[in-house]
>>> print(open('upload11.txt').read())   # compact mmCIF, C-alpha atoms and all ligand atoms
# COMPACT_ATOMS: atom_id res chain seq x y z
CA MET A 264 0.00 0.00 0.00
CA LYS A 265 1.16 3.50 -0.84
CA GLU A 266 2.50 5.53 2.09
CA ARG A 267 0.11 8.26 3.19
CA VAL A 268 1.16 11.92 3.23
CA ILE A 269 -0.54 13.83 6.03
CA LEU A 270 0.01 17.44 7.01
CA HIS A 271 -0.94 19.09 10.27
CA SER A 272 -1.08 22.85 9.96
CA ASP A 273 -1.19 24.91 13.13
CA ALA A 274 -1.60 28.71 13.04
CA ASN A 275 0.98 30.37 15.30
CA CYS A 276 -0.30 32.52 18.21
CA PHE A 277 -3.61 32.48 16.39
CA TYR A 278 -5.84 34.90 18.33
CA ALA A 279 -3.02 37.38 18.92
CA SER A 280 -1.90 37.18 15.28
CA CYS A 281 -5.45 37.83 14.05
CA GLU A 282 -5.59 40.91 16.29
CA MET A 283 -2.32 42.13 14.75
CA VAL A 284 -3.70 41.76 11.25
CA LEU A 285 -6.87 43.61 12.26
CA ASN A 286 -4.85 46.33 13.97
CA PRO A 287 -1.38 46.68 12.41
CA SER A 288 -0.26 49.15 15.09
CA LEU A 289 0.00 46.11 17.39
CA ARG A 290 2.66 44.51 15.21
CA ASP A 291 6.02 44.15 16.98
CA LYS A 292 4.30 44.71 20.34
CA ALA A 293 3.80 42.26 23.16
CA VAL A 294 0.09 41.50 22.83
CA ALA A 295 -2.18 39.33 24.93
CA VAL A 296 -5.80 38.50 24.22
CA CYS A 297 -7.45 38.53 27.65
CA GLY A 298 -10.68 38.90 29.53
CA SER A 299 -10.87 42.42 30.96
CA GLU A 300 -9.32 43.46 34.26
CA ASN A 301 -12.52 43.99 36.28
CA GLU A 302 -13.89 40.59 35.37
CA ARG A 303 -13.14 37.26 36.94
CA HIS A 304 -12.29 36.13 33.45
CA GLY A 305 -9.27 38.42 33.45
CA ILE A 306 -6.86 35.77 32.24
CA VAL A 307 -4.58 35.45 29.23
CA LEU A 308 -6.26 33.45 26.45
CA ALA A 309 -3.49 33.88 23.89
CA LYS A 310 -0.28 35.84 23.49
CA SER A 311 2.03 37.07 20.75
CA GLU A 312 5.61 35.79 20.23
CA LYS A 313 6.97 38.87 21.95
CA ALA A 314 4.73 38.46 24.99
CA LYS A 315 5.76 34.80 25.13
CA LYS A 316 9.42 35.85 25.27
CA CYS A 317 8.62 37.96 28.38
CA GLY A 318 7.27 34.83 30.05
CA VAL A 319 3.56 35.51 29.54
CA LYS A 320 1.64 32.24 29.56
CA THR A 321 -1.89 31.25 28.60
CA GLY A 322 -4.08 30.99 31.70
CA MET A 323 -2.16 33.60 33.73
CA THR A 324 -4.13 36.44 35.29
CA ASN A 325 -3.86 39.80 33.57
CA ARG A 326 -2.08 41.16 36.62
CA GLU A 327 0.63 38.48 36.62
CA ALA A 328 1.13 38.98 32.88
CA LEU A 329 1.52 42.75 33.30
CA SER A 330 4.01 42.36 36.11
CA LEU A 331 6.20 40.19 33.86
CA CYS A 332 5.73 42.41 30.85
CA PRO A 333 4.80 46.01 31.72
CA ASP A 334 4.49 47.02 28.04
CA LEU A 335 1.94 44.28 27.38
CA VAL A 336 -1.01 45.44 25.27
CA ILE A 337 -4.18 43.70 26.43
CA VAL A 338 -7.02 43.26 23.96
CA PRO A 339 -10.40 41.58 24.47
CA PRO A 340 -11.15 38.46 22.40
CA ARG A 341 -13.19 38.74 19.19
CA PHE A 342 -14.11 35.19 18.30
CA GLU A 343 -16.29 36.21 15.33
CA TYR A 344 -13.13 37.43 13.56
CA TYR A 345 -11.03 34.41 14.54
CA GLN A 346 -13.75 32.23 13.04
CA LYS A 347 -13.52 34.18 9.77
CA PHE A 348 -9.72 33.79 9.63
CA SER A 349 -10.18 30.10 10.32
CA LEU A 350 -12.46 29.78 7.27
CA LEU A 351 -9.93 31.67 5.13
CA LEU A 352 -7.20 29.25 6.21
CA HIS A 353 -9.47 26.38 5.17
CA LYS A 354 -9.92 28.00 1.74
CA ILE A 355 -6.15 27.86 1.24
CA TYR A 356 -6.04 24.21 2.32
CA GLU A 357 -8.85 23.40 -0.11
CA ARG A 358 -6.51 24.16 -3.01
CA TYR A 359 -4.64 20.95 -2.20
CA THR A 360 -7.17 18.43 -0.94
CA ASP A 361 -10.78 17.78 0.05
CA TYR A 362 -9.60 15.80 3.07
CA ILE A 363 -9.42 18.52 5.69
CA GLU A 364 -10.17 17.81 9.32
CA PRO A 365 -10.21 20.75 11.73
CA TYR A 366 -8.95 20.39 15.29
CA GLY A 367 -10.10 23.56 17.00
CA LEU A 368 -10.16 26.91 15.21
CA ASP A 369 -6.49 27.11 14.31
CA GLU A 370 -5.40 23.54 13.51
CA CYS A 371 -6.18 21.17 10.65
CA TRP A 372 -5.08 17.85 9.31
CA LEU A 373 -4.81 17.52 5.53
CA ASP A 374 -4.44 14.26 3.64
CA VAL A 375 -2.47 15.12 0.48
CA SER A 376 -1.51 11.53 -0.47
CA ASP A 377 -3.08 11.88 -3.92
CA SER A 378 -1.26 15.08 -4.83
CA LEU A 379 1.49 15.09 -7.47
CA LYS A 380 3.51 17.43 -5.28
CA SER A 381 5.42 16.21 -2.25
CA GLY A 382 4.21 16.92 1.28
CA GLU A 383 7.12 19.27 1.83
CA GLU A 384 6.39 21.28 -1.33
CA ILE A 385 2.74 21.64 -0.33
CA ALA A 386 3.68 22.64 3.22
CA SER A 387 5.97 25.37 1.99
CA GLU A 388 3.36 26.66 -0.51
CA ILE A 389 0.74 26.76 2.22
CA ARG A 390 3.07 28.69 4.54
CA GLN A 391 3.78 31.21 1.80
CA ALA A 392 0.11 31.63 0.85
CA VAL A 393 -0.94 32.09 4.48
CA LYS A 394 1.72 34.79 4.90
CA ASP A 395 0.96 36.59 1.62
CA GLU A 396 -2.81 36.40 1.68
CA LEU A 397 -3.73 36.53 5.36
CA GLY A 398 -0.69 38.02 7.11
CA LEU A 399 -0.63 35.04 9.48
CA SER A 400 1.85 32.23 9.88
CA VAL A 401 1.49 28.49 10.29
CA SER A 402 3.75 25.66 11.39
CA VAL A 403 3.32 22.42 9.49
CA GLY A 404 4.11 18.84 10.41
CA ILE A 405 4.44 16.34 7.55
CA SER A 406 4.26 12.64 8.25
CA PHE A 407 2.76 9.27 7.37
CA ASN A 408 0.14 9.40 10.13
CA LYS A 409 -1.96 12.00 11.93
CA VAL A 410 -0.35 11.65 15.35
CA PHE A 411 3.18 12.29 14.08
CA ALA A 412 2.03 15.08 11.76
CA LYS A 413 0.59 16.84 14.81
CA LEU A 414 3.82 16.36 16.77
CA GLY A 415 5.74 17.72 13.78
CA SER A 416 3.76 20.97 13.67
CA ASP A 417 4.88 21.63 17.25
CA MET A 418 8.57 21.01 16.72
CA LYS A 419 9.58 24.15 14.86
CA LYS A 420 7.63 27.39 15.00
CA PRO A 421 6.64 30.00 14.03
CA ASP A 422 6.41 29.68 10.24
CA ALA A 423 8.33 26.43 9.89
CA GLN A 424 7.87 22.82 8.84
CA THR A 425 9.07 19.46 10.08
CA LEU A 426 9.12 16.17 8.19
CA ILE A 427 8.78 13.00 10.24
CA THR A 428 9.42 9.82 8.25
CA ARG A 429 9.58 6.12 9.04
CA GLU A 430 13.35 6.53 8.92
CA ASN A 431 13.71 9.44 11.33
CA PHE A 432 10.80 9.12 13.77
CA LYS A 433 12.74 7.21 16.39
CA GLU A 434 15.27 9.99 16.45
CA LEU A 435 12.77 12.88 16.35
CA VAL A 436 9.72 11.60 18.22
CA TRP A 437 10.95 9.05 20.74
CA PRO A 438 12.92 11.44 22.98
CA LEU A 439 9.78 13.60 23.50
CA PRO A 440 7.86 13.39 26.80
CA VAL A 441 4.78 11.14 26.75
CA SER A 442 2.60 14.15 27.53
CA ASP A 443 3.27 15.47 24.00
CA LEU A 444 1.39 12.56 22.50
CA LEU A 445 -2.13 13.24 21.23
CA TYR A 446 -4.84 12.13 23.69
CA CYS A 447 -2.28 11.53 26.42
CA GLY A 448 -3.84 13.90 28.95
CA ARG A 449 -2.45 15.04 32.25
CA HIS A 450 -3.94 12.16 34.20
CA THR A 451 -2.59 9.48 31.85
CA SER A 452 0.86 11.11 31.60
CA GLU A 453 1.13 11.26 35.39
CA ARG A 454 0.25 7.59 35.67
CA LEU A 455 2.80 6.70 32.96
CA MET A 456 5.47 8.74 34.74
CA ARG A 457 4.77 6.87 37.97
CA LEU A 458 5.37 3.64 36.05
CA GLY A 459 8.70 5.07 34.94
CA ILE A 460 7.54 5.64 31.36
CA THR A 461 8.58 9.21 30.66
CA THR A 462 9.30 9.38 26.92
CA ILE A 463 7.32 8.36 23.85
CA GLY A 464 10.20 5.96 23.05
CA ALA A 465 9.90 4.28 26.43
CA LEU A 466 6.16 3.92 25.83
CA ALA A 467 6.75 2.41 22.38
CA ARG A 468 9.17 -0.18 23.76
CA MET A 469 6.82 -1.40 26.51
CA PRO A 470 5.04 -4.71 25.83
CA GLU A 471 1.61 -3.83 24.48
CA ASN A 472 -0.10 -6.32 26.86
CA TYR A 473 1.35 -4.56 29.85
CA LEU A 474 -0.08 -1.20 28.73
CA VAL A 475 -3.47 -2.79 28.04
CA SER A 476 -3.45 -4.34 31.52
CA LYS A 477 -2.82 -0.91 33.04
CA PHE A 478 -4.85 1.39 30.77
CA GLY A 479 -7.31 -0.82 28.92
CA LYS A 480 -8.23 0.27 25.38
CA ASN A 481 -6.40 3.54 25.87
CA GLY A 482 -3.20 1.59 26.56
CA HIS A 483 -3.50 -0.10 23.18
CA ALA A 484 -4.06 3.26 21.42
CA LEU A 485 -1.06 4.87 23.14
CA TRP A 486 1.20 1.98 22.16
CA VAL A 487 -0.01 2.18 18.54
CA PHE A 488 0.54 5.96 18.43
CA ALA A 489 4.02 5.77 19.95
CA ASN A 490 5.07 3.15 17.40
CA GLY A 491 3.88 5.20 14.42
CA GLU A 492 1.10 2.77 13.59
CA ASP A 493 -1.84 5.17 13.86
CA ASP A 494 -3.94 4.54 10.75
CA SER A 495 -6.90 6.83 11.51
CA ARG A 496 -8.22 8.68 8.48
CA VAL A 497 -8.35 12.40 7.89
CA ALA A 498 -12.04 13.24 7.58
CA HIS A 499 -13.43 14.60 4.31
CA MET A 500 -14.31 18.30 4.44
CA ASN A 501 -17.95 17.47 3.80
CA ASP A 502 -18.13 14.93 6.62
CA TYR A 503 -20.30 16.63 9.10
CA THR A 504 -20.81 15.33 12.60
CA PRO A 505 -23.61 17.21 14.24
CA PRO A 506 -22.98 18.51 17.75
CA LYS A 507 -24.43 16.51 20.64
CA SER A 508 -25.20 19.54 22.76
CA ILE A 509 -24.87 23.30 22.54
CA GLY A 510 -24.20 25.20 25.71
CA HIS A 511 -23.25 28.62 26.92
CA GLY A 512 -22.17 29.66 30.42
CA ILE A 513 -20.74 32.60 32.30
CA THR A 514 -19.22 33.58 35.58
CA CYS A 515 -20.88 36.82 36.69
CA ILE A 516 -18.96 39.93 37.76
CA GLU A 517 -21.05 40.12 40.95
CA ASN A 518 -22.91 37.23 42.51
CA LEU A 519 -26.57 36.98 41.56
CA GLU A 520 -29.03 37.32 44.42
CA ASN A 521 -32.44 36.34 43.10
CA THR A 522 -34.43 34.71 40.32
CA GLU A 523 -35.03 38.01 38.56
CA GLU A 524 -31.31 38.73 38.23
CA ALA A 525 -30.57 35.17 37.18
CA SER A 526 -33.36 35.24 34.59
CA LYS A 527 -31.73 38.15 32.77
CA VAL A 528 -28.47 36.22 32.56
CA ILE A 529 -30.28 33.10 31.33
CA VAL A 530 -32.08 35.07 28.60
CA ALA A 531 -28.73 36.47 27.44
CA LEU A 532 -27.07 33.03 27.41
CA CYS A 533 -29.90 31.58 25.36
CA GLN A 534 -29.48 34.12 22.53
CA ASP A 535 -26.33 32.37 21.46
CA ILE A 536 -27.76 28.90 21.90
CA GLY A 537 -30.76 29.68 19.65
CA TYR A 538 -28.46 31.15 17.02
CA LYS A 539 -26.13 28.14 17.07
CA LEU A 540 -28.96 25.61 16.97
CA ARG A 541 -30.34 27.28 13.85
CA ALA A 542 -26.87 27.55 12.31
CA HIS A 543 -26.47 23.78 12.77
CA LYS A 544 -30.06 23.20 11.57
CA MET A 545 -30.87 21.45 14.83
CA SER A 546 -33.44 21.69 17.55
CA CYS A 547 -33.37 20.41 21.13
CA MET A 548 -35.68 18.09 23.02
CA GLY A 549 -34.21 18.98 26.41
CA VAL A 550 -32.65 21.81 28.38
CA SER A 551 -30.11 21.56 31.15
CA LEU A 552 -29.16 24.26 33.63
CA SER A 553 -26.03 24.34 35.81
CA VAL A 554 -25.78 26.66 38.77
CA LYS A 555 -22.55 27.31 40.63
CA ASP A 556 -23.18 28.94 44.00
CA GLU A 557 -20.88 31.30 45.90
CA ASN A 558 -19.31 28.30 47.70
CA LEU A 559 -18.43 26.86 44.28
CA CYS A 560 -20.92 24.01 44.65
CA VAL A 561 -22.39 23.07 41.30
CA PHE A 562 -25.96 21.86 40.80
CA SER A 563 -27.23 20.56 37.48
CA PHE A 564 -30.84 20.05 36.54
CA GLN A 565 -32.47 19.11 33.28
CA THR A 566 -35.85 18.67 31.78
CA LYS A 567 -37.34 17.15 28.65
CA LEU A 568 -39.47 19.17 26.26
CA GLU A 569 -42.73 18.04 24.76
CA VAL A 570 -41.94 19.65 21.42
CA ALA A 571 -38.46 20.19 19.97
CA THR A 572 -37.40 23.82 19.76
CA GLN A 573 -34.60 26.03 18.44
CA ASP A 574 -36.17 29.21 19.81
CA GLN A 575 -34.05 31.05 22.38
CA ALA A 576 -37.08 32.47 24.20
CA GLU A 577 -38.55 29.00 24.71
CA ILE A 578 -35.20 27.60 25.90
CA ALA A 579 -34.84 30.54 28.30
CA ARG A 580 -38.40 30.06 29.59
CA VAL A 581 -37.65 26.40 30.33
CA ALA A 582 -34.28 27.17 31.94
CA ILE A 583 -35.87 29.80 34.18
CA SER A 584 -38.60 27.40 35.24
CA ILE A 585 -35.93 24.79 36.06
CA LEU A 586 -34.22 27.38 38.23
CA LYS A 587 -37.44 28.36 40.03
CA LYS A 588 -38.33 24.75 40.70
CA ASN A 589 -34.92 23.58 41.90
CA TYR A 590 -32.88 26.38 43.39
CA ASN A 591 -33.71 27.69 46.87
CA TRP A 592 -31.41 30.77 46.99
CA LYS A 593 -29.86 29.81 50.30
CA PHE A 594 -26.64 30.96 48.65
CA LYS A 595 -25.96 33.54 45.98
CA VAL A 596 -25.08 32.38 42.50
CA ARG A 597 -21.66 32.90 40.97
CA ALA A 598 -21.97 31.20 37.57
CA LEU A 599 -24.72 29.88 35.33
CA SER A 600 -24.76 27.78 32.22
CA VAL A 601 -27.55 26.64 29.95
CA THR A 602 -27.20 23.71 27.54
CA ALA A 603 -29.55 22.56 24.81
CA ILE A 604 -29.51 18.74 24.96
CA ASP A 605 -31.11 15.80 23.14
CA LEU A 606 -30.45 17.52 19.83
CA GLN A 607 -32.12 16.42 16.63
CA SER A 608 -32.30 17.67 13.07
CA GLU A 609 -34.67 20.61 12.68
CA ASP A 610 -36.44 18.59 10.00
CA ALA A 611 -37.14 15.65 12.30
CA PRO A 612 -40.84 14.81 12.15
CA VAL A 613 -42.86 16.59 14.82
CA GLN A 614 -45.21 14.39 16.74
CA SER A 615 -48.63 15.94 16.31
CA MET A 616 -50.18 17.33 19.45
CA MET A 617 -53.74 18.37 19.79
CA PHE A 618 -53.18 21.58 21.72
CA PHE A 619 -50.02 22.77 20.07
CA ASP A 620 -50.12 25.99 18.07
CA TYR A 621 -48.29 24.99 14.88
CA GLU A 622 -49.08 28.28 13.17
CA LYS A 623 -47.45 30.20 16.01
CA GLN A 624 -44.36 27.98 15.86
CA ASP A 625 -44.06 28.58 12.15
CA LYS A 626 -44.27 32.37 12.63
CA LEU A 627 -41.64 32.17 15.35
CA LYS A 628 -39.34 30.25 13.04
CA ARG A 629 -39.61 32.94 10.37
CA LEU A 630 -39.04 35.71 12.93
CA ASN A 631 -35.89 33.99 14.23
CA SER A 632 -34.43 33.45 10.79
CA THR A 633 -34.96 37.15 10.02
CA ILE A 634 -33.20 38.10 13.26
CA ASP A 635 -30.31 35.78 12.38
CA GLU A 636 -30.00 37.42 8.95
CA ILE A 637 -29.86 40.90 10.47
CA ASN A 638 -27.36 39.84 13.13
CA ASN A 639 -25.23 38.11 10.52
CA ALA A 640 -25.21 41.22 8.35
CA TYR A 641 -24.83 43.89 11.03
CA GLY A 642 -23.06 42.16 13.91
CA LYS A 643 -24.17 39.68 16.47
CA ARG A 644 -25.83 42.00 18.98
CA SER A 645 -27.83 44.12 16.55
CA ILE A 646 -31.10 42.64 17.70
CA GLN A 647 -31.46 41.24 21.16
CA PRO A 648 -34.19 41.14 23.78
CA ALA A 649 -34.64 44.27 25.92
CA THR A 650 -33.98 42.29 29.11
CA VAL A 651 -30.42 41.69 28.01
CA LEU A 652 -29.54 45.36 27.63
CA ASP A 653 -27.84 47.18 30.46
CA GLU A 654 -27.23 44.21 32.69
CA ARG A 655 -24.47 45.28 35.04
CA LYS A 656 -23.61 41.79 36.26
CA MET A 657 -22.97 40.38 32.82
CA PRO A 658 -19.33 40.20 31.73
CA SER A 659 -18.65 40.92 28.08
CA HIS A 660 -16.67 37.74 27.62
CA THR A 661 -18.44 34.45 28.19
CA ASP A 662 -17.67 30.77 27.88
CA LYS A 663 -19.19 29.24 24.82
CA SER A 664 -19.16 25.55 24.30
CA ILE A 665 -20.33 23.23 21.62
CA THR A 666 -19.70 19.61 22.37
CA LEU A 667 -18.66 17.91 19.19
CA PRO A 668 -18.24 14.17 18.98
CA GLY A 669 -15.25 14.60 16.68
CA ALA A 670 -14.40 16.42 13.53
CA MET A 671 -16.81 19.03 12.31
CA LYS A 672 -17.02 21.02 9.14
CA LYS A 673 -17.91 24.62 9.82
MG MG A 701 -2.00 27.29 17.12
>>> encode(input="upload11.txt", output="structure tokens", more="lines below")
Ligand SMILES: [Mg+2]
Amino acid sequence: MKERVILHSDANCFYASCEMVLNPSLRDKAVAVCGSENERHGIVLAKSEKAKKCGVKTGMTNREALSLCPDLVIVPPRFEYYQKFSLLLHKIYERYTDYIEPYGLDECWLDVSDSLKSGEEIASEIRQAVKDELGLSVSVGISFNKVFAKLGSDMKKPDAQTLITRENFKELVWPLPVSDLLYCGRHTSERLMRLGITTIGALARMPENYLVSKFGKNGHALWVFANGEDDSRVAHMNDYTPPKSIGHGITCIENLENTEEASKVIVALCQDIGYKLRAHKMSCMGVSLSVKDENLCVFSFQTKLEVATQDQAEIARVAISILKKNYNWKFKVRALSVTAIDLQSEDAPVQSMMFFDYEKQDKLKRLNSTIDEINNAYGKRSIQPATVLDERKMPSHTDKSITLPGAMKK
């Protein structure tokens, strides 16, 4: 069988680099994309090369980052723009293959086995195109499997490429710590370390049975990865795996004290959920609400719906009723999150119900799609419910989450 040629392209300092393209006066400065200072989310989400050199790390508080790097320019995140850059990167990749599998916003695998050009030629063309056309840079790993391609994209950066072959992988990959291996999380790496297995090479040389006895199926996968025998495919760009749930949560600037305050936050959270459900052409049959109180205890409640919905007002109404029914306000609330669960296609047949107002649902659907069009054209917050406006406890930056069961085509 012909050897596969797989690239893994990783945009360098992605959020910070996008900000520099959007605002060229930031070029050559130490830049960090952060939540704002007065919010609990005041942490570094991403940093530029220069900020990195000062010791600024992702996850640090803004204050720590500023003490290390007093000239640091802090900018708030603008995910809508990062998403657009991500799509433009994909457009460049599409010139070489239809097998493009995203891994987060700024990373992709590409299977270019069928190309007449070599993996290295394609990698260097991609790097040049990304620089010329987008003003960004990428690091590319080139290998015969996905796991090593990903390791390769991390080896030299920014704007560099690394080829890992069957001939050189023992030299390049095996000295790396096990924690560098894909899907080898903190917990697994710590357990491996305790067994004296610190490098990928040490992992590869262990008897497979031993790893299976310690880690089950995961032990088999790790052994396969370490030995360069990963044969998982790069998904086709049209393979679409629908999300299993769509959620949105925030930590409030001040603790919430009553249902009325919490309701405003819930309504705001649901705006995004409704929008995303419609973007994915899905509706939900259930809603779940998580409440974190001031003692950091988390309570989760969920309820099933009688009729599937993708309407934010309906999801908010359900979430608020869950809150009223289940939360006794003995303690103030620090964080809230709402998740649309039991997702199904929006075209799934609706079970007919005698007392359900189908005409009203149809009107609502048309209203929501008009709102989405306006928000798409004029910015996300052009139309929003009056309750959301002027809410002093709402931070501007919130945690958005879509749980995807794997690769997804945006
Ligand atoms: Mg990156």
>>> closest_atom_pairs(input="upload11.txt", of="chain A", to="ligand MG 701 (chain A)", cutoff="12 Å", atoms="all atoms listed in the file", output="Markdown table")
| residue | atom | partner | partner_atom | distance |
| --- | --- | --- | --- | --- |
| A:His271 | CA | A:MG701 | MG | 10.7 |
| A:Ser272 | CA | A:MG701 | MG | 8.5 |
| A:Asp273 | CA | A:MG701 | MG | 4.7 |
| A:Ala274 | CA | A:MG701 | MG | 4.3 |
| A:Asn275 | CA | A:MG701 | MG | 4.7 |
| A:Cys276 | CA | A:MG701 | MG | 5.6 |
| A:Phe277 | CA | A:MG701 | MG | 5.5 |
| A:Tyr278 | CA | A:MG701 | MG | 8.6 |
| A:Ala279 | CA | A:MG701 | MG | 10.3 |
| A:Ser280 | CA | A:MG701 | MG | 10.1 |
| A:Cys281 | CA | A:MG701 | MG | 11.5 |
| A:Leu308 | CA | A:MG701 | MG | 12.0 |
| A:Ala309 | CA | A:MG701 | MG | 9.6 |
| A:Lys310 | CA | A:MG701 | MG | 10.8 |
| A:Ser311 | CA | A:MG701 | MG | 11.2 |
| A:Glu312 | CA | A:MG701 | MG | 11.8 |
| A:Tyr345 | CA | A:MG701 | MG | 11.8 |
| A:Ser349 | CA | A:MG701 | MG | 11.0 |
| A:Pro365 | CA | A:MG701 | MG | 11.8 |
| A:Tyr366 | CA | A:MG701 | MG | 10.0 |
| A:Gly367 | CA | A:MG701 | MG | 8.9 |
| A:Leu368 | CA | A:MG701 | MG | 8.4 |
| A:Asp369 | CA | A:MG701 | MG | 5.3 |
| A:Glu370 | CA | A:MG701 | MG | 6.2 |
| A:Cys371 | CA | A:MG701 | MG | 9.8 |
| A:Leu399 | CA | A:MG701 | MG | 11.0 |
| A:Ser400 | CA | A:MG701 | MG | 9.6 |
| A:Val401 | CA | A:MG701 | MG | 7.8 |
| A:Ser402 | CA | A:MG701 | MG | 8.3 |
| A:Val403 | CA | A:MG701 | MG | 10.5 |
| A:Lys413 | CA | A:MG701 | MG | 11.0 |
| A:Ser416 | CA | A:MG701 | MG | 9.2 |
| A:Asp417 | CA | A:MG701 | MG | 8.9 |
| A:Lys420 | CA | A:MG701 | MG | 9.9 |
| A:Pro421 | CA | A:MG701 | MG | 9.6 |
| A:Asp422 | CA | A:MG701 | MG | 11.1 |
>>> write_last_selection(input="upload11.txt", atoms="C-alpha atoms", output="JSON list (two decimals), in the frame of the given file")
[["chain", "number", "residue", "atom", "x", "y", "z"],
["A", 271, "HIS", "CA", -0.94, 19.09, 10.27],
["A", 272, "SER", "CA", -1.08, 22.85, 9.96],
["A", 273, "ASP", "CA", -1.19, 24.91, 13.13],
["A", 274, "ALA", "CA", -1.60, 28.71, 13.04],
["A", 275, "ASN", "CA", 0.98, 30.37, 15.30],
["A", 276, "CYS", "CA", -0.30, 32.52, 18.21],
["A", 277, "PHE", "CA", -3.61, 32.48, 16.39],
["A", 278, "TYR", "CA", -5.84, 34.90, 18.33],
["A", 279, "ALA", "CA", -3.02, 37.38, 18.92],
["A", 280, "SER", "CA", -1.90, 37.18, 15.28],
["A", 281, "CYS", "CA", -5.45, 37.83, 14.05],
["A", 308, "LEU", "CA", -6.26, 33.45, 26.45],
["A", 309, "ALA", "CA", -3.49, 33.88, 23.89],
["A", 310, "LYS", "CA", -0.28, 35.84, 23.49],
["A", 311, "SER", "CA", 2.03, 37.07, 20.75],
["A", 312, "GLU", "CA", 5.61, 35.79, 20.23],
["A", 345, "TYR", "CA", -11.03, 34.41, 14.54],
["A", 349, "SER", "CA", -10.18, 30.10, 10.32],
["A", 365, "PRO", "CA", -10.21, 20.75, 11.73],
["A", 366, "TYR", "CA", -8.95, 20.39, 15.29],
["A", 367, "GLY", "CA", -10.10, 23.56, 17.00],
["A", 368, "LEU", "CA", -10.16, 26.91, 15.21],
["A", 369, "ASP", "CA", -6.49, 27.11, 14.31],
["A", 370, "GLU", "CA", -5.40, 23.54, 13.51],
["A", 371, "CYS", "CA", -6.18, 21.17, 10.65],
["A", 399, "LEU", "CA", -0.63, 35.04, 9.48],
["A", 400, "SER", "CA", 1.85, 32.23, 9.88],
["A", 401, "VAL", "CA", 1.49, 28.49, 10.29],
["A", 402, "SER", "CA", 3.75, 25.66, 11.39],
["A", 403, "VAL", "CA", 3.32, 22.42, 9.49],
["A", 413, "LYS", "CA", 0.59, 16.84, 14.81],
["A", 416, "SER", "CA", 3.76, 20.97, 13.67],
["A", 417, "ASP", "CA", 4.88, 21.63, 17.25],
["A", 420, "LYS", "CA", 7.63, 27.39, 15.00],
["A", 421, "PRO", "CA", 6.64, 30.00, 14.03],
["A", 422, "ASP", "CA", 6.41, 29.68, 10.24]]
>>> atom_distance(input="upload11.txt", atom1="CA of Arg541 in chain A", atom2="CA of Tyr344 in chain A")
20.0 Å
>>> residues_around(input="upload11.txt", residues="Tyr362 in chain A", least_positions_apart="6", cutoff="8 Å", atoms="all atoms listed in the file", output="VMD selection string")
chain A and resid 372 to 375 497 to 500
>>> closest_residue(input="upload11.txt", among="A:Lys555, A:Arg580, A:His353, A:Lys419", to="Ile389 in chain A", atoms="only C-alpha atoms")
A:His353
>>> closest_residue(input="upload11.txt", among="A:Gly382, A:Pro470, A:Gly398, A:Gly322", to="Thr428 in chain A", atoms="all atoms listed in the file")
A:Gly382
>>> closest_residue(input="upload11.txt", among="A:Arg597, A:Asp605, A:Ala582, A:Trp592", to="Ile509 in chain A", atoms="only C-alpha atoms")
A:Asp605
>>> closest_residue(input="upload11.txt", among="A:Met469, A:Tyr356, A:Lys320, A:Glu364", to="Ala386 in chain A", atoms="all atoms listed in the file")
A:Tyr356
>>> atom_distance(input="upload11.txt", atom1="CA of Cys533 in chain A", atom2="CA of Met548 in chain A")
14.9 Å
>>> atom_distance(input="upload11.txt", atom1="CA of Asp494 in chain A", atom2="CA of Arg457 in chain A")
28.7 Å
>>> residues_around(input="upload11.txt", residues="Thr451 in chain A", least_positions_apart="5", cutoff="9 Å", atoms="only C-alpha atoms", output="MDAnalysis selection string")
chainID A and resid 442 446 456 478
>>> axis_aligned_box(input="upload11.txt", around="range 370-388 of chain A", padding_each_side="8 Å", output="JSON")
{"center_x": 0.5, "center_y": 19.1, "center_z": 3.0, "size_x": 29.3, "size_y": 31.1, "size_z": 37.0}
>>> decode(input="upload11.txt", residues="range 412-419 of chain A", atoms="N, CA and C atoms", output="mmCIF file, in the first residue's frame")
data_model
loop_
_atom_site.group_PDB
_atom_site.id
_atom_site.type_symbol
_atom_site.label_atom_id
_atom_site.label_comp_id
_atom_site.auth_asym_id
_atom_site.auth_seq_id
_atom_site.Cartn_x
_atom_site.Cartn_y
_atom_site.Cartn_z
ATOM 1 N N ALA A 412 2.158 13.790 12.444
ATOM 2 C CA ALA A 412 2.032 15.084 11.762
ATOM 3 C C ALA A 412 1.759 16.174 12.797
ATOM 4 N N LYS A 413 0.896 15.852 13.769
ATOM 5 C CA LYS A 413 0.586 16.844 14.813
ATOM 6 C C LYS A 413 1.833 17.149 15.645
ATOM 7 N N LEU A 414 2.581 16.121 16.005
ATOM 8 C CA LEU A 414 3.818 16.355 16.767
ATOM 9 C C LEU A 414 4.778 17.232 15.963
ATOM 10 N N GLY A 415 4.826 16.980 14.648
ATOM 11 C CA GLY A 415 5.737 17.724 13.779
ATOM 12 C C GLY A 415 5.413 19.211 13.744
ATOM 13 N N SER A 416 4.121 19.552 13.775
ATOM 14 C CA SER A 416 3.756 20.973 13.674
ATOM 15 C C SER A 416 4.169 21.733 14.932
ATOM 16 N N ASP A 417 4.467 21.007 15.991
ATOM 17 C CA ASP A 417 4.878 21.635 17.254
ATOM 18 C C ASP A 417 6.391 21.770 17.387
ATOM 19 N N MET A 418 7.127 21.100 16.512
ATOM 20 C CA MET A 418 8.575 21.013 16.719
ATOM 21 C C MET A 418 9.309 22.290 16.365
ATOM 22 N N LYS A 419 8.937 22.893 15.234
ATOM 23 C CA LYS A 419 9.580 24.154 14.861
ATOM 24 C C LYS A 419 8.492 25.168 14.617
#
